[in-house]
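Engineer: Pasting a structure here, questions to come.
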Amino acid sequence: KAGVTQTPRYLIKTRGQQVTLSCSPISGHRSVSWYQQTPGQGLQFLFEYFSETQRNKGNFPGRFSGRQFSNSRSEMNVSTLELGDSALYLCASSFGAGQETQYFGPGTRLLVL
Amino acid sequence: KQEVTQIPAALSVPEGENLVLNCSFTDSAIYNLQWFRQDPGKGLTSLLLIQSSQREQTSGRLNASLDKSSGRSTLYIAASQPGDSATYLCAVPISGGYNKLIFGAGTRLAVHP
């Protein structure tokens with residue numbers, strides 16, 4: 001069974017631009033969560049989607065948004081990029097009942113110049 | 001508010017040693033605890049998940065224990081190898097928070113030949 005895939009793997013953007021990251025969960029998984037990882041803050045939860053509905057959100061500004069499609073694939077969008085948005089963005093998938101093993105993708109490395 | 005702490009922050013050992021990595025959490029009302037491994041610049045690999053009703057979970061040379069009452073978990077690595085070099089993270093789900101995980105800062109392990 002294929003693992004969690006994320007595209008693109010690397011991105012370079014400039015301040016003020018926007019970016020869209022994509023995550024394809026393991027086949028059959030309906031929950032997708034997104035995390036931001038930085039050296040200073042570690043891993044921080046962004047949001048979780050289950051069956052196309054956001055059911056949990058972390059403490060990030062409204063510039064960070066996401067959505068999930070009917071095939072469980074998810075995208076996250078960051079508008080008006082800031083230097084501090086440079087990070088590794090990880091998504092995780094699980095079957096979806098809640099509080100179960102989560103499987104992470106390889107991440108998207110975003111650099112904002 | 002759930003907080004997760006990992007000690008030590010870094011560890012350097014010669015090959016063959018048995019290791020203990022520690023994870024503590026402030027809210028003992030957890031559903032489970034998950035240990036992950038992260039290689040530099042990569043995503044997270046799930047190692048073990050311990051349900052709250054379990055005391056231990058084993059996979060190969062890895063053994064994780066959980067003591068909810070004291071808010072502690074340990075990851076034991078037997079006969080360490082250079083390939084074990086990575087950052088090890090523990091995470092617990094937020095009570096009632098579906099798949100939202102709170103992570104520790106990790107223990108960076110280096111095993112030298």
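Lettering and numbering for the structure tokens are positional, with chains as A, B, ... in the shown order, residues counted from 1 in each chain, and ligands counted from 1 in the shown order.
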Give me the chain B side of the contact with chain A, cut-off 9 Å, one line per residue showing its nearest atom pair and distance in Å at one decimal, counting only C-alpha atoms, sorted by chain and residue number, as JSON lines.
Structural biologist:
{"residue": "B:Tyr31", "atom": "CA", "partner": "A:Gln99", "partner_atom": "CA", "distance": 6.8}
{"residue": "B:Asn32", "atom": "CA", "partner": "A:Gln99", "partner_atom": "CA", "distance": 7.2}
{"residue": "B:Gln34", "atom": "CA", "partner": "A:Thr101", "partner_atom": "CA", "distance": 7.4}
{"residue": "B:Gly41", "atom": "CA", "partner": "A:Leu88", "partner_atom": "CA", "distance": 8.0}
{"residue": "B:Lys42", "atom": "CA", "partner": "A:Pro106", "partner_atom": "CA", "distance": 5.4}
{"residue": "B:Gly43", "atom": "CA", "partner": "A:Pro106", "partner_atom": "CA", "distance": 4.1}
{"residue": "B:Leu44", "atom": "CA", "partner": "A:Phe104", "partner_atom": "CA", "distance": 5.5}
{"residue": "B:Thr45", "atom": "CA", "partner": "A:Phe104", "partner_atom": "CA", "distance": 6.7}
{"residue": "B:Ser46", "atom": "CA", "partner": "A:Tyr103", "partner_atom": "CA", "distance": 6.5}
{"residue": "B:Leu48", "atom": "CA", "partner": "A:Thr101", "partner_atom": "CA", "distance": 8.6}
{"residue": "B:Leu49", "atom": "CA", "partner": "A:Thr101", "partner_atom": "CA", "distance": 6.5}
{"residue": "B:Gln51", "atom": "CA", "partner": "A:Glu100", "partner_atom": "CA", "distance": 8.9}
{"residue": "B:Val92", "atom": "CA", "partner": "A:Gln99", "partner_atom": "CA", "distance": 8.6}
{"residue": "B:Pro93", "atom": "CA", "partner": "A:Gln99", "partner_atom": "CA", "distance": 6.0}
{"residue": "B:Ile94", "atom": "CA", "partner": "A:Gln99", "partner_atom": "CA", "distance": 8.4}
{"residue": "B:Ser95", "atom": "CA", "partner": "A:Gln99", "partner_atom": "CA", "distance": 8.8}
{"residue": "B:Gly96", "atom": "CA", "partner": "A:Gln99", "partner_atom": "CA", "distance": 8.7}
{"residue": "B:Gly97", "atom": "CA", "partner": "A:Asn56", "partner_atom": "CA", "distance": 7.0}
{"residue": "B:Tyr98", "atom": "CA", "partner": "A:Gly98", "partner_atom": "CA", "distance": 4.3}
{"residue": "B:Asn99", "atom": "CA", "partner": "A:Gln99", "partner_atom": "CA", "distance": 4.9}
{"residue": "B:Lys100", "atom": "CA", "partner": "A:Phe45", "partner_atom": "CA", "distance": 6.7}
{"residue": "B:Leu101", "atom": "CA", "partner": "A:Phe45", "partner_atom": "CA", "distance": 7.0}
{"residue": "B:Ile102", "atom": "CA", "partner": "A:Gln44", "partner_atom": "CA", "distance": 7.5}
{"residue": "B:Phe103", "atom": "CA", "partner": "A:Leu43", "partner_atom": "CA", "distance": 6.3}
{"residue": "B:Gly104", "atom": "CA", "partner": "A:Gly42", "partner_atom": "CA", "distance": 8.0}
{"residue": "B:Ala105", "atom": "CA", "partner": "A:Gly42", "partner_atom": "CA", "distance": 5.9}
{"residue": "B:Gly106", "atom": "CA", "partner": "A:Gly42", "partner_atom": "CA", "distance": 8.6}
Engineer: Check the DSSP output for the backbone and give back, as an MDAnalysis selection string, the residues of chain A in strand (DSSP E or B).
Structural biologist: chainID A and resid 5:7 10:13 19:24 31:38 42:50 53:57 64:68 74:78 87:94 103:104 108:112
Engineer: Please provide as a VMD selection string all residues within 9 Å of stretch 70-86 of chain A, with the sequence filter that same-chain residues fewer than 4 positions apart are discarded (counting only C-alpha atoms).
Structural biologist: chain A and resid 13 to 25 27 to 34 36 38 49 to 52 62 to 66 91 109 to 113
Engineer: Could you save the residues just selected, with C-alpha atoms, as a PDB file, in the first residue's frame?
Structural biologist:
ATOM      1  CA  LYS A  13       8.685  31.761  -2.662  1.00  0.00           C
ATOM      2  CA  THR A  14       9.044  35.442  -1.912  1.00  0.00           C
ATOM      3  CA  ARG A  15       7.275  37.454   0.748  1.00  0.00           C
ATOM      4  CA  GLY A  16       3.721  38.371  -0.128  1.00  0.00           C
ATOM      5  CA  GLN A  17       3.159  35.462  -2.479  1.00  0.00           C
ATOM      6  CA  GLN A  18       0.816  32.601  -1.781  1.00  0.00           C
ATOM      7  CA  VAL A  19       1.446  28.877  -1.907  1.00  0.00           C
ATOM      8  CA  THR A  20      -0.599  25.686  -2.137  1.00  0.00           C
ATOM      9  CA  LEU A  21       0.660  22.365  -0.821  1.00  0.00           C
ATOM     10  CA  SER A  22      -0.914  19.006  -1.570  1.00  0.00           C
ATOM     11  CA  CYS A  23      -1.231  15.802   0.426  1.00  0.00           C
ATOM     12  CA  SER A  24      -2.537  12.408  -0.697  1.00  0.00           C
ATOM     13  CA  PRO A  25      -3.330  10.105   2.218  1.00  0.00           C
ATOM     14  CA  SER A  27      -5.706   4.647   0.444  1.00  0.00           C
ATOM     15  CA  GLY A  28      -8.776   4.232   2.660  1.00  0.00           C
ATOM     16  CA  HIS A  29      -7.733   6.876   5.167  1.00  0.00           C
ATOM     17  CA  ARG A  30     -10.239   9.657   5.616  1.00  0.00           C
ATOM     18  CA  SER A  31      -8.429  11.909   8.086  1.00  0.00           C
ATOM     19  CA  VAL A  32      -5.664  14.275   7.045  1.00  0.00           C
ATOM     20  CA  SER A  33      -3.807  16.512   9.504  1.00  0.00           C
ATOM     21  CA  TRP A  34      -1.266  19.206   8.766  1.00  0.00           C
ATOM     22  CA  GLN A  36       4.347  22.932  10.661  1.00  0.00           C
ATOM     23  CA  THR A  38      10.457  24.764  12.566  1.00  0.00           C
ATOM     24  CA  TYR A  49      -9.844  17.351   7.951  1.00  0.00           C
ATOM     25  CA  PHE A  50     -12.156  14.379   8.010  1.00  0.00           C
ATOM     26  CA  SER A  51     -14.626  13.606   5.241  1.00  0.00           C
ATOM     27  CA  GLU A  52     -14.154  17.064   3.712  1.00  0.00           C
ATOM     28  CA  GLY A  62      -6.223  33.054   8.990  1.00  0.00           C
ATOM     29  CA  ARG A  63      -3.577  33.200   6.257  1.00  0.00           C
ATOM     30  CA  PHE A  64      -3.332  29.451   6.722  1.00  0.00           C
ATOM     31  CA  SER A  65      -6.242  27.540   5.284  1.00  0.00           C
ATOM     32  CA  GLY A  66      -6.991  24.117   3.958  1.00  0.00           C
ATOM     33  CA  CYS A  91       0.769  15.986   6.599  1.00  0.00           C
ATOM     34  CA  ARG A 109      10.139  22.222   2.549  1.00  0.00           C
ATOM     35  CA  LEU A 110       9.049  25.854   2.048  1.00  0.00           C
ATOM     36  CA  LEU A 111      11.596  28.657   1.936  1.00  0.00           C
ATOM     37  CA  VAL A 112      10.306  32.222   1.909  1.00  0.00           C
ATOM     38  CA  LEU A 113      12.789  34.870   0.757  1.00  0.00           C
TER      39      LEU A 113
END
Engineer: Could you state the separation of atom CA of B:Pro82 and atom CA of B:Ala10 in Å, given to one decimal place?
Structural biologist: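 About the pair atom CA of B:Pro82 and atom CA of B:Ala10: they are 15.0 Å apart.
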Engineer: Taking 3 positions as the minimum chain separation for residues in the same chain, which residues sit within 8 Å of stretch 22-24 of chain B when counting only C-alpha atoms? Answer as a compact mmCIF listing (two decimals) with N, CA, C and O atoms, in the first residue's frame.
Structural biologist:
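Listed below is the output, out.txt:
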# COMPACT_ATOMS: atom_id res chain seq x y z
N VAL B 4 4.27 18.29 26.56
CA VAL B 4 5.07 17.08 26.42
C VAL B 4 6.55 17.47 26.45
O VAL B 4 6.96 18.38 25.73
N THR B 5 7.29 16.79 27.30
CA THR B 5 8.71 17.09 27.47
C THR B 5 9.53 15.84 27.22
O THR B 5 9.15 14.74 27.67
N GLN B 6 10.64 16.00 26.53
CA GLN B 6 11.51 14.85 26.27
C GLN B 6 12.92 15.14 26.81
O GLN B 6 13.48 16.22 26.59
N ILE B 7 13.44 14.14 27.50
CA ILE B 7 14.78 14.22 28.07
C ILE B 7 15.53 12.94 27.74
O ILE B 7 14.94 11.85 27.84
N PRO B 8 16.83 13.00 27.34
CA PRO B 8 17.58 14.23 27.11
C PRO B 8 17.28 14.84 25.75
O PRO B 8 16.64 14.19 24.92
N GLY B 71 2.53 10.09 34.32
CA GLY B 71 2.70 10.94 33.13
C GLY B 71 4.01 10.69 32.42
O GLY B 71 4.67 11.66 32.00
N ARG B 72 4.39 9.41 32.29
CA ARG B 72 5.69 9.12 31.70
C ARG B 72 5.63 7.97 30.71
O ARG B 72 4.85 7.02 30.89
N SER B 73 6.49 8.07 29.70
CA SER B 73 6.72 6.96 28.79
C SER B 73 8.21 6.88 28.53
O SER B 73 8.91 7.90 28.54
N THR B 74 8.70 5.66 28.32
CA THR B 74 10.09 5.49 27.97
C THR B 74 10.19 4.65 26.70
O THR B 74 9.39 3.74 26.48
N LEU B 75 11.17 4.99 25.89
CA LEU B 75 11.49 4.20 24.71
C LEU B 75 12.85 3.57 24.94
O LEU B 75 13.84 4.29 25.13
N CYS B 90 8.05 11.88 20.80
CA CYS B 90 6.83 11.27 21.34
C CYS B 90 5.69 12.27 21.18
O CYS B 90 5.92 13.48 21.12
N GLY B 104 6.54 16.34 21.75
CA GLY B 104 7.70 16.81 22.48
C GLY B 104 8.71 17.37 21.49
O GLY B 104 8.55 17.25 20.27
